[in-house]
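Engineer: One structure follows; several queries about it will come next.
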Protein chains: 2
Amino acid sequence: MAEDRRTRRTRRALRDALVALVMERGYAALTVEDITERADVARATFYSHCRDKDALFTRVTTDLLQELGERLQPLADKSDTGFTGEPLLALLHHAEEERDLYRVILRGEGDGKPLRMFTEEAVRRISAVFRRRAEQNHREPRIDPEVIARAWVGEHFAVMQWWLEGEEGRMPAEGLAELLLGLSRHGRYWASGFDPAD
Amino acid sequence: MAEDRRTRRTRRALRDALVALVMERGYAALTVEDITERADVARATFYSHCRDKDALFTRVTTDLLQELGERLQPLADKSDTGFTGEPLLALLHHAEEERDLYRVILRGEGDGKPLRMFTEEAVRRISAVFRRRAEQNHREPRIDPEVIARAWVGEHFAVMQWWLEGEEGRMPAEGLAELLLGLSRHGRYWASGFDPAD
DNA sequence: ACGTTTCCGGACAGGTTGTCCATTAACGTC
DNA sequence: GACGTTAATGGACAACCTGTCCGGAAACGT
């Protein structure tokens with residue numbers, strides 16, 4: 001009684017149509033009719049599923065975020081490394097699988113809410129990691145963990161976006177993970193190959 | 001003959017109205033009439049200045065970007081530090097003065113184009129710095145300068161956004177510049193106060 | 001004071017939104 | 001396999017927003 005096959009089908013179709021069309025024409029240019037047409041669904045049906053375009057995008061994003069969360073859960077449980085190493089790799093693999101959707105979100109399409117949802121969730125997780133670690137080591141953070149987390153997320157999302165917008169398969173997820181880890185650990189002067197002195 | 005006072009006045013009014021209204025209700029919710037009403041301008045007048053809402057926002061952003069460029073120019077000429085130190089501080093001060101507009105842009109409001117314009121311009125400047133420095137030092141960058149630049153911009157914009165969204169005057173621009181410099185130079189493990197070992 | 005440019009306000013067609021409803025088709029269940 | 005329930009359909013609706021046009025009024029620079 002909870003899951004009607006028809007419901008799943010149209011939800012799926014709407015999701016796919018949305019992603020495909022945003023990739024083609026950009027979110028702002030889309031009409032509800034464009035979406036329903038591509039999805040082969042009546043316009044009235046759309047409104048029985050979502051209040052509007054934004055609501056659809058939000059729902060799609062929520063689903064994606066939850067799926068990601070389910071993958072991260074077991075990793076977070078068994079390790080204390082937070083978001084480096086395995087969890088980071090899991091994120092990158094997920095992004096690889098849902099490439100277009102991640103692209104669309106990272107571009108800030110929609111009213112920006114999808115990206116904000118992703119960002120806030122990431123900041124929550126990452127700042128928790130930095131906080132927990134500081135406690136374990138009994139050291140005072142030089143900088144507020146939330147700020148560090150926002151820096152982390154900003155940097156990682158920017159690089160991920162560059163990665164996803166580039167040629168597919170140009171760089172394996174493992175390579176990118178290493179790159180990001182190096183950046184995080186040693187800073188950007190290290191990355192560029194010259195001295196922190198100046 | 002190039003500058004009619006009326007033109008300047010309405011352009012200004014439209015700009016202010018746009019920024020104020022986006023802060024209040026968000027870009028997507030705005031009508032052209034909302035803007036003209038707030039600006040005390042006839043709707044027809046709006047269209048004699050801009051094609052549409054997006055065009056107005058784009059123009060406002062372009063102006064801001066140019067103003068910033070003019071401030072950065074003399075600094076870039078006299079120093080070789082690229083975007084750290086004085087230029088970074090100039091950016092932060094500019095953001096402080098045009099606080100709401102920067103906020104609106106960094107949030108990714110509009111169709112995301114304003115933020116993209118800002119980002120791309122920043123990436124151009126920063127990657128040039130990293131490239132130039134690598135040449136001077138005759139060292140091979142460990143990571144592609146463009147990627148480093150994107151990381152730089154992602155991190156800095158994220159932290160700037162946090163800064164601008166927070167209580168005004170909570171942290172002086174100088175303090176933020178130091179924070180960002182530390183993050184750039186030493187990485188985030190340094191910032192959080194524990195060992196790069198893991 | 002004069003010719004020019006901008007602003008005004010009102011009107012226009014065209015497109016989009018969100019809602020409604022009666023009808024048809026697909027579904028899960030027994 | 002038949003039955004009651006639930007979802008999808010197509011069409012119609014008012015409300016709104018968009019972008020464009022115009023003649024007349026007002027402000028501008030010289």
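Letters A, B, ... go to the chains of the structure tokens in the order shown; residues in each chain start at 1; ligands are counted from 1 in the same order.
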Compile the contact shell of A:Ala17 as a list in words: residues with an atom at most 7 Å away, counting only C-alpha atoms (C1' of nucleotides), same-chain residues fewer than 2 positions apart removed.
Structural biologist: Ala13, Leu14, Arg15, Val19, Ala20, Leu21, Ile35, Arg38 and Ala39 of chain A
Engineer: Would you mind exporting C-alpha atoms of the selected residues as a PDB file, in the first residue's frame?
Structural biologist:
```pdb
ATOM      1  CA  ALA A  13      10.805   9.545 -15.007  1.00  0.00           C
ATOM      2  CA  LEU A  14      10.459  13.043 -13.555  1.00  0.00           C
ATOM      3  CA  ARG A  15      13.824  12.800 -11.873  1.00  0.00           C
ATOM      4  CA  VAL A  19      18.452  16.068 -14.636  1.00  0.00           C
ATOM      5  CA  ALA A  20      18.708  15.622 -18.377  1.00  0.00           C
ATOM      6  CA  LEU A  21      16.973  18.893 -19.154  1.00  0.00           C
ATOM      7  CA  ILE A  35       9.763  18.247 -17.809  1.00  0.00           C
ATOM      8  CA  ARG A  38      10.266  14.646 -21.574  1.00  0.00           C
ATOM      9  CA  ALA A  39       9.098  12.311 -18.827  1.00  0.00           C
TER      10      ALA A  39
END
```
Engineer: Could you list, as a list in words, every residue within 12 Å of D:DC21, counting only C-alpha atoms (C1' of nucleotides) and ignoring same-chain residues fewer than 5 positions away?
Structural biologist: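 In the requested format, the answer is Ala44 and Tyr47 of chain B; DG10, DA11, DC12 and DA13 of chain C.
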Engineer: For the residues in that selection, give me N, CA and C atoms (P, O5', C5', C4', C3', O3' and C1' of nucleotides) as a PDB file, in the first residue's frame.
Structural biologist:
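Once written, part.pdb looks like this:
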```pdb
ATOM      1  N   ALA B  44       8.147  50.073 -17.718  1.00  0.00           N
ATOM      2  CA  ALA B  44       8.663  50.258 -19.079  1.00  0.00           C
ATOM      3  C   ALA B  44      10.100  50.765 -19.046  1.00  0.00           C
ATOM      4  N   TYR B  47      12.747  48.088 -18.773  1.00  0.00           N
ATOM      5  CA  TYR B  47      13.085  47.368 -20.002  1.00  0.00           C
ATOM      6  C   TYR B  47      13.890  48.222 -20.982  1.00  0.00           C
TER       7      TYR B  47
ATOM      8  P    DG C  10      -2.282  54.640 -15.494  1.00  0.00           P
ATOM      9  O5'  DG C  10      -3.231  54.314 -16.716  1.00  0.00           O
ATOM     10  C5'  DG C  10      -3.000  54.926 -17.996  1.00  0.00           C
ATOM     11  C4'  DG C  10      -2.888  53.898 -19.109  1.00  0.00           C
ATOM     12  C3'  DG C  10      -3.554  52.547 -18.803  1.00  0.00           C
ATOM     13  O3'  DG C  10      -4.605  52.349 -19.735  1.00  0.00           O
ATOM     14  C1'  DG C  10      -1.453  52.263 -19.862  1.00  0.00           C
ATOM     15  P    DA C  11      -5.541  51.039 -19.685  1.00  0.00           P
ATOM     16  O5'  DA C  11      -5.348  50.427 -21.130  1.00  0.00           O
ATOM     17  C5'  DA C  11      -4.736  51.189 -22.186  1.00  0.00           C
ATOM     18  C4'  DA C  11      -4.129  50.226 -23.185  1.00  0.00           C
ATOM     19  C3'  DA C  11      -4.796  48.843 -23.169  1.00  0.00           C
ATOM     20  O3'  DA C  11      -5.106  48.432 -24.488  1.00  0.00           O
ATOM     21  C1'  DA C  11      -2.450  48.625 -22.952  1.00  0.00           C
ATOM     22  P    DC C  12      -6.003  47.129 -24.789  1.00  0.00           P
ATOM     23  O5'  DC C  12      -4.925  46.070 -25.324  1.00  0.00           O
ATOM     24  C5'  DC C  12      -4.210  46.351 -26.526  1.00  0.00           C
ATOM     25  C4'  DC C  12      -3.100  45.331 -26.715  1.00  0.00           C
ATOM     26  C3'  DC C  12      -3.526  43.896 -26.413  1.00  0.00           C
ATOM     27  O3'  DC C  12      -3.978  43.292 -27.614  1.00  0.00           O
ATOM     28  C1'  DC C  12      -1.348  44.414 -25.494  1.00  0.00           C
ATOM     29  P    DA C  13      -4.723  41.842 -27.523  1.00  0.00           P
ATOM     30  O5'  DA C  13      -3.549  40.834 -27.880  1.00  0.00           O
ATOM     31  C5'  DA C  13      -2.612  41.160 -28.909  1.00  0.00           C
ATOM     32  C4'  DA C  13      -1.402  40.243 -28.798  1.00  0.00           C
ATOM     33  C3'  DA C  13      -1.748  38.752 -28.795  1.00  0.00           C
ATOM     34  O3'  DA C  13      -0.743  38.049 -29.508  1.00  0.00           O
ATOM     35  C1'  DA C  13      -0.654  39.317 -26.778  1.00  0.00           C
TER      36       DA C  13
END
```
Engineer: Can you pull out the residues contacting A:Gln161? Cut-off 10 Å, using only C-alpha atoms (C1' of nucleotides), and skip same-chain residues under 4 positions away; I want them as a PyMOL selection string.
Structural biologist: (chain A and resi 95+102-107+155-157+165-166) or (chain B and resi 150)
Engineer: Using only C-alpha atoms (C1' of nucleotides), determine which residues of chain C fall within 8 Å of chain A; present them as a CSV table (one decimal) with C-alpha atoms (C1' of nucleotides), in the first residue's frame.
Structural biologist:
```csv
chain,number,residue,atom,x,y,z
C,16,DT,C1',3.4,29.9,-17.5
C,18,DG,C1',-1.2,26.0,-10.1
C,26,DA,C1',-3.2,0.3,-13.7
C,27,DC,C1',-2.6,-1.5,-9.4
C,28,DG,C1',-2.6,-4.6,-5.1
```
Engineer: Using only C-alpha atoms, I'd like a table of the residues in chain A that come within 9 Å of chain B; for each, show the closest atom pair and its distance in Å rounded to one decimal, ordered by chain and ascending number, as JSON lines.
Structural biologist:
```
{"residue": "A:Gly26", "atom": "CA", "partner": "B:Asp111", "partner_atom": "CA", "distance": 8.7}
{"residue": "A:Tyr27", "atom": "CA", "partner": "B:Asp111", "partner_atom": "CA", "distance": 8.2}
{"residue": "A:Ala28", "atom": "CA", "partner": "B:Asp111", "partner_atom": "CA", "distance": 6.6}
{"residue": "A:Thr81", "atom": "CA", "partner": "B:Asp198", "partner_atom": "CA", "distance": 8.4}
{"residue": "A:Arg107", "atom": "CA", "partner": "B:Gly112", "partner_atom": "CA", "distance": 7.5}
{"residue": "A:Gly108", "atom": "CA", "partner": "B:Gly112", "partner_atom": "CA", "distance": 6.2}
{"residue": "A:Glu109", "atom": "CA", "partner": "B:Gly112", "partner_atom": "CA", "distance": 6.8}
{"residue": "A:Gly110", "atom": "CA", "partner": "B:Asp111", "partner_atom": "CA", "distance": 7.7}
{"residue": "A:Asp111", "atom": "CA", "partner": "B:Ala28", "partner_atom": "CA", "distance": 6.6}
{"residue": "A:Gly112", "atom": "CA", "partner": "B:Gly108", "partner_atom": "CA", "distance": 6.1}
{"residue": "A:Arg116", "atom": "CA", "partner": "B:Arg107", "partner_atom": "CA", "distance": 8.6}
{"residue": "A:Phe130", "atom": "CA", "partner": "B:Ser192", "partner_atom": "CA", "distance": 6.7}
{"residue": "A:Arg131", "atom": "CA", "partner": "B:Ser192", "partner_atom": "CA", "distance": 8.3}
{"residue": "A:Arg133", "atom": "CA", "partner": "B:Phe194", "partner_atom": "CA", "distance": 8.2}
{"residue": "A:Ala134", "atom": "CA", "partner": "B:Ser192", "partner_atom": "CA", "distance": 6.9}
{"residue": "A:Asn137", "atom": "CA", "partner": "B:Phe194", "partner_atom": "CA", "distance": 7.2}
{"residue": "A:Arg139", "atom": "CA", "partner": "B:Gly193", "partner_atom": "CA", "distance": 6.1}
{"residue": "A:Glu140", "atom": "CA", "partner": "B:Gly193", "partner_atom": "CA", "distance": 6.2}
{"residue": "A:Pro141", "atom": "CA", "partner": "B:Ser192", "partner_atom": "CA", "distance": 4.3}
{"residue": "A:Arg142", "atom": "CA", "partner": "B:Ala191", "partner_atom": "CA", "distance": 5.1}
{"residue": "A:Ile143", "atom": "CA", "partner": "B:Ala191", "partner_atom": "CA", "distance": 5.6}
{"residue": "A:Asp144", "atom": "CA", "partner": "B:Ser192", "partner_atom": "CA", "distance": 7.8}
{"residue": "A:Pro145", "atom": "CA", "partner": "B:Ser192", "partner_atom": "CA", "distance": 6.8}
{"residue": "A:Val147", "atom": "CA", "partner": "B:Val159", "partner_atom": "CA", "distance": 6.6}
{"residue": "A:Ile148", "atom": "CA", "partner": "B:Arg188", "partner_atom": "CA", "distance": 6.7}
{"residue": "A:Ala149", "atom": "CA", "partner": "B:Arg188", "partner_atom": "CA", "distance": 9.0}
{"residue": "A:Arg150", "atom": "CA", "partner": "B:Ala158", "partner_atom": "CA", "distance": 6.0}
{"residue": "A:Ala151", "atom": "CA", "partner": "B:Glu155", "partner_atom": "CA", "distance": 4.6}
{"residue": "A:Trp152", "atom": "CA", "partner": "B:Glu155", "partner_atom": "CA", "distance": 6.7}
{"residue": "A:Val153", "atom": "CA", "partner": "B:Glu155", "partner_atom": "CA", "distance": 7.4}
{"residue": "A:Gly154", "atom": "CA", "partner": "B:Gly154", "partner_atom": "CA", "distance": 4.5}
{"residue": "A:Glu155", "atom": "CA", "partner": "B:Glu155", "partner_atom": "CA", "distance": 4.5}
{"residue": "A:His156", "atom": "CA", "partner": "B:Ala151", "partner_atom": "CA", "distance": 7.0}
{"residue": "A:Phe157", "atom": "CA", "partner": "B:Gly154", "partner_atom": "CA", "distance": 7.3}
{"residue": "A:Ala158", "atom": "CA", "partner": "B:Gly154", "partner_atom": "CA", "distance": 5.2}
{"residue": "A:Val159", "atom": "CA", "partner": "B:Ala151", "partner_atom": "CA", "distance": 5.9}
{"residue": "A:Trp162", "atom": "CA", "partner": "B:Val147", "partner_atom": "CA", "distance": 7.6}
{"residue": "A:Leu179", "atom": "CA", "partner": "B:Ile143", "partner_atom": "CA", "distance": 7.6}
{"residue": "A:Gly182", "atom": "CA", "partner": "B:Gly187", "partner_atom": "CA", "distance": 8.8}
{"residue": "A:Leu183", "atom": "CA", "partner": "B:Gly187", "partner_atom": "CA", "distance": 6.8}
{"residue": "A:Ser184", "atom": "CA", "partner": "B:Gly187", "partner_atom": "CA", "distance": 5.2}
{"residue": "A:Arg185", "atom": "CA", "partner": "B:Gly187", "partner_atom": "CA", "distance": 5.2}
{"residue": "A:His186", "atom": "CA", "partner": "B:Gly187", "partner_atom": "CA", "distance": 4.8}
{"residue": "A:Gly187", "atom": "CA", "partner": "B:Gly187", "partner_atom": "CA", "distance": 3.7}
{"residue": "A:Arg188", "atom": "CA", "partner": "B:Ser184", "partner_atom": "CA", "distance": 5.5}
{"residue": "A:Tyr189", "atom": "CA", "partner": "B:Arg185", "partner_atom": "CA", "distance": 5.7}
{"residue": "A:Trp190", "atom": "CA", "partner": "B:Arg142", "partner_atom": "CA", "distance": 7.6}
{"residue": "A:Ala191", "atom": "CA", "partner": "B:Arg142", "partner_atom": "CA", "distance": 5.1}
{"residue": "A:Ser192", "atom": "CA", "partner": "B:Pro141", "partner_atom": "CA", "distance": 4.3}
{"residue": "A:Gly193", "atom": "CA", "partner": "B:Pro141", "partner_atom": "CA", "distance": 4.7}
{"residue": "A:Phe194", "atom": "CA", "partner": "B:Arg139", "partner_atom": "CA", "distance": 7.0}
{"residue": "A:Pro196", "atom": "CA", "partner": "B:Arg185", "partner_atom": "CA", "distance": 5.9}
{"residue": "A:Ala197", "atom": "CA", "partner": "B:Arg185", "partner_atom": "CA", "distance": 8.9}
{"residue": "A:Asp198", "atom": "CA", "partner": "B:Thr81", "partner_atom": "CA", "distance": 8.3}
```
Engineer: Rounded to one decimal place, report the atom CA of B:Phe57-atom CA of B:Leu164 distance in Å.
Structural biologist: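 Answer for the atom CA of B:Phe57 to atom CA of B:Leu164 separation: 19.6 Å.
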Engineer: I need the contact residues of chain D against chain B, so if you could list those with any atom within 12 Å, counting only C-alpha atoms (C1' of nucleotides), and return them as a VMD selection string, that would help.
Structural biologist: chain D and resid 16 to 22 26 to 30
Engineer: Record the distance separating atom CA of B:Leu65 and atom CA of B:Glu97, expressed in Å with one decimal.
Structural biologist: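 Distance reported for this atom pair: 13.5 Å.
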Engineer: So that I can check the surroundings of D:DA25, please list as a list in words every protein, DNA and RNA residue that reaches within 10 Å of it, counting only C-alpha atoms (C1' of nucleotides) and ignoring chain neighbours fewer than 2 positions away.
Structural biologist: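 Once the adjacent positions are removed, what remains is DC7 and DC8 of chain C; DG23 and DA27 of chain D.
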Engineer: Any chance you could export the current selection's N, CA and C atoms (P, O5', C5', C4', C3', O3' and C1' of nucleotides) as a compact mmCIF listing (two decimals), in the first residue's frame?
Structural biologist:
```
# COMPACT_ATOMS: atom_id res chain seq x y z
P DC C 7 15.49 57.00 -17.80
O5' DC C 7 13.99 57.46 -17.50
C5' DC C 7 13.78 58.57 -16.65
C4' DC C 7 12.30 58.87 -16.57
C3' DC C 7 11.47 57.69 -16.08
O3' DC C 7 10.69 58.10 -14.96
C1' DC C 7 10.55 58.60 -18.07
P DC C 8 9.83 57.01 -14.19
O5' DC C 8 8.37 57.17 -14.82
C5' DC C 8 7.75 58.45 -14.74
C4' DC C 8 6.48 58.44 -15.56
C3' DC C 8 5.51 57.31 -15.21
O3' DC C 8 4.32 57.87 -14.68
C1' DC C 8 5.76 57.56 -17.56
P DG D 23 2.29 56.91 -31.46
O5' DG D 23 1.62 57.87 -30.39
C5' DG D 23 0.28 57.60 -29.91
C4' DG D 23 0.01 58.47 -28.71
C3' DG D 23 0.37 59.95 -28.91
O3' DG D 23 -0.55 60.76 -28.17
C1' DG D 23 1.74 59.04 -27.22
P DA D 27 9.99 67.20 -13.78
O5' DA D 27 11.44 66.88 -14.35
C5' DA D 27 11.95 65.55 -14.27
C4' DA D 27 13.18 65.44 -15.14
C3' DA D 27 14.29 66.44 -14.78
O3' DA D 27 15.48 65.72 -14.53
C1' DA D 27 13.83 66.47 -17.12
```
Engineer: C:DA25, C:DG14, C:DT4, C:DC20: which is nearest D:DT6, counting only C-alpha atoms (C1' of nucleotides)?
Structural biologist: C:DA25
Engineer: If you run DSSP on the backbone here, which positions in stretch 137-195 of chain B get helix (DSSP H, G or I)? Please write them as an NGL selection string.
Structural biologist: :B and (137 or 145-165 or 173-192)
Engineer: Those residues with C-alpha atoms, as a PDB file, in the first residue's frame please?
Structural biologist:
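So selection-v3.pdb came out as:
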```
ATOM      1  CA  ASN B 137      61.421  29.242  -8.702  1.00  0.00           C
ATOM      2  CA  PRO B 145      47.995  25.425 -11.134  1.00  0.00           C
ATOM      3  CA  GLU B 146      44.425  25.700 -12.323  1.00  0.00           C
ATOM      4  CA  VAL B 147      43.333  23.069  -9.845  1.00  0.00           C
ATOM      5  CA  ILE B 148      45.211  24.788  -7.060  1.00  0.00           C
ATOM      6  CA  ALA B 149      43.537  28.021  -8.046  1.00  0.00           C
ATOM      7  CA  ARG B 150      40.093  26.438  -8.013  1.00  0.00           C
ATOM      8  CA  ALA B 151      40.837  25.031  -4.581  1.00  0.00           C
ATOM      9  CA  TRP B 152      42.000  28.464  -3.465  1.00  0.00           C
ATOM     10  CA  VAL B 153      38.874  30.156  -4.733  1.00  0.00           C
ATOM     11  CA  GLY B 154      36.521  27.510  -3.387  1.00  0.00           C
ATOM     12  CA  GLU B 155      38.043  27.730   0.051  1.00  0.00           C
ATOM     13  CA  HIS B 156      38.321  31.502   0.185  1.00  0.00           C
ATOM     14  CA  PHE B 157      34.831  32.147  -1.109  1.00  0.00           C
ATOM     15  CA  ALA B 158      33.367  29.662   1.337  1.00  0.00           C
ATOM     16  CA  VAL B 159      35.108  31.295   4.275  1.00  0.00           C
ATOM     17  CA  MET B 160      34.276  34.763   3.003  1.00  0.00           C
ATOM     18  CA  GLN B 161      30.656  33.778   2.807  1.00  0.00           C
ATOM     19  CA  TRP B 162      30.718  32.519   6.369  1.00  0.00           C
ATOM     20  CA  TRP B 163      32.343  35.783   7.370  1.00  0.00           C
ATOM     21  CA  LEU B 164      29.823  37.997   5.555  1.00  0.00           C
ATOM     22  CA  GLU B 165      26.815  36.049   6.761  1.00  0.00           C
ATOM     23  CA  ALA B 173      39.197  41.886   7.706  1.00  0.00           C
ATOM     24  CA  GLU B 174      42.814  41.741   8.856  1.00  0.00           C
ATOM     25  CA  GLY B 175      42.087  38.817  11.137  1.00  0.00           C
ATOM     26  CA  LEU B 176      40.298  36.942   8.394  1.00  0.00           C
ATOM     27  CA  ALA B 177      43.164  37.544   5.991  1.00  0.00           C
ATOM     28  CA  GLU B 178      45.607  36.014   8.449  1.00  0.00           C
ATOM     29  CA  LEU B 179      43.332  33.059   8.998  1.00  0.00           C
ATOM     30  CA  LEU B 180      43.059  32.438   5.276  1.00  0.00           C
ATOM     31  CA  LEU B 181      46.786  32.816   4.803  1.00  0.00           C
ATOM     32  CA  GLY B 182      47.486  30.279   7.516  1.00  0.00           C
ATOM     33  CA  LEU B 183      45.070  27.839   5.949  1.00  0.00           C
ATOM     34  CA  SER B 184      46.699  28.300   2.572  1.00  0.00           C
ATOM     35  CA  ARG B 185      50.236  27.999   3.787  1.00  0.00           C
ATOM     36  CA  HIS B 186      50.002  25.182   6.276  1.00  0.00           C
ATOM     37  CA  GLY B 187      46.883  23.224   5.449  1.00  0.00           C
ATOM     38  CA  ARG B 188      43.953  22.375   7.576  1.00  0.00           C
ATOM     39  CA  TYR B 189      45.632  19.964   9.943  1.00  0.00           C
ATOM     40  CA  TRP B 190      47.795  22.777  11.154  1.00  0.00           C
ATOM     41  CA  ALA B 191      44.639  24.837  11.604  1.00  0.00           C
ATOM     42  CA  SER B 192      42.936  22.235  13.687  1.00  0.00           C
TER      43      SER B 192
END
```
Engineer: Provide the atom CA of A:Arg71 to atom CA of A:Glu121 distance in Å, to one decimal place.
Structural biologist: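 Spanning atom CA of A:Arg71 to atom CA of A:Glu121 is a straight-line distance of 14.4 Å.
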